[in-house]
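Student: This is the structure I want to talk about, given as structure tokens.
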Amino acid sequence: MMALFALLFAVPAAAFPTFLNCDRTIDVGATIMNNAAVADTTRRWVIERDGVEVPCGSTYVPGETLNARLDAVPPHYIMELASGAFDQSDGGCFGTNLCSGLRCAKGDGTIFADGTGQALVAPTNGADLVLSGGWAPDFGPVSIPESCTLTAGASPATAAPAAVTAAPATAA
């Protein structure tokens with residue numbers, strides 16, 4: 001009788017990235033959704049500047065606005081920054097200011113289903129911009145693609161001035 005009672009009130013669980021507390025790590029081996037998170041080589045994080053991909057390992061301009069996304073839209077995913085912040089003013093991230101803007105959760109694959117991703121503001125303090133996170137189907141282990149790191153380049157205010165070429169002297 002107790003087994004029947006338990007079956008009547010059993011509710012299937014589903015993955016919701018916003019349920020992942022800020023003190024929980026999103027790393028390979030971390031227990032998330034009652035499973036150890038696994039490394040994923042099938043998907044990758046993408047950072048774009050004005051619609052053009054910025055290769056991982058290259059540079060960013062401090063304070064610039066970039067776009068972050070996973071290269072394929074899964075049912076549930078969460079992105080995390082080590083520094084900088086996601087621009088959550090457009091409501092593109094589920095939840096409100098997740099982890100002080102360091103996390104952006106996408107719930108069911110319908111938000112930005114076209115793959116446009118989420119705006120972020122690059123760090124202004126010269127710290128590395130590290131994009132990481134994980135994705136999962138409705139059930140099963142969370143998959144963790146390799147993180148994407150950009151290093152700070154020269155900010156527009158500190159960039160070397162353009163060379164000035166003197167006009168040739170004219171004979172009088």
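Quick note on naming: the chains in the structure tokens go A, B, ... in the order shown, residues restart at 1 in each chain, and ligands are numbered from 1 in order of appearance.
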Can you list, as a list in words, every protein, DNA or RNA residue that comes within 7 Å of range 125-139 of chain A when you count only C-alpha atoms, leaving out same-chain residues fewer than 3 positions away?
Tutor: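 Result of the neighbour search: Ala14, Ala15, Ile26, Pro62, Pro74, Pro75, His76, Tyr77, Ile78, Met79, Glu80, Leu81, Ala82, Ser83, Gly84, Ala122, Val142, Ser143, Ile144, Pro145, Ser147, Cys148, Thr149, Leu150, Thr151 and Ala152 of chain A.
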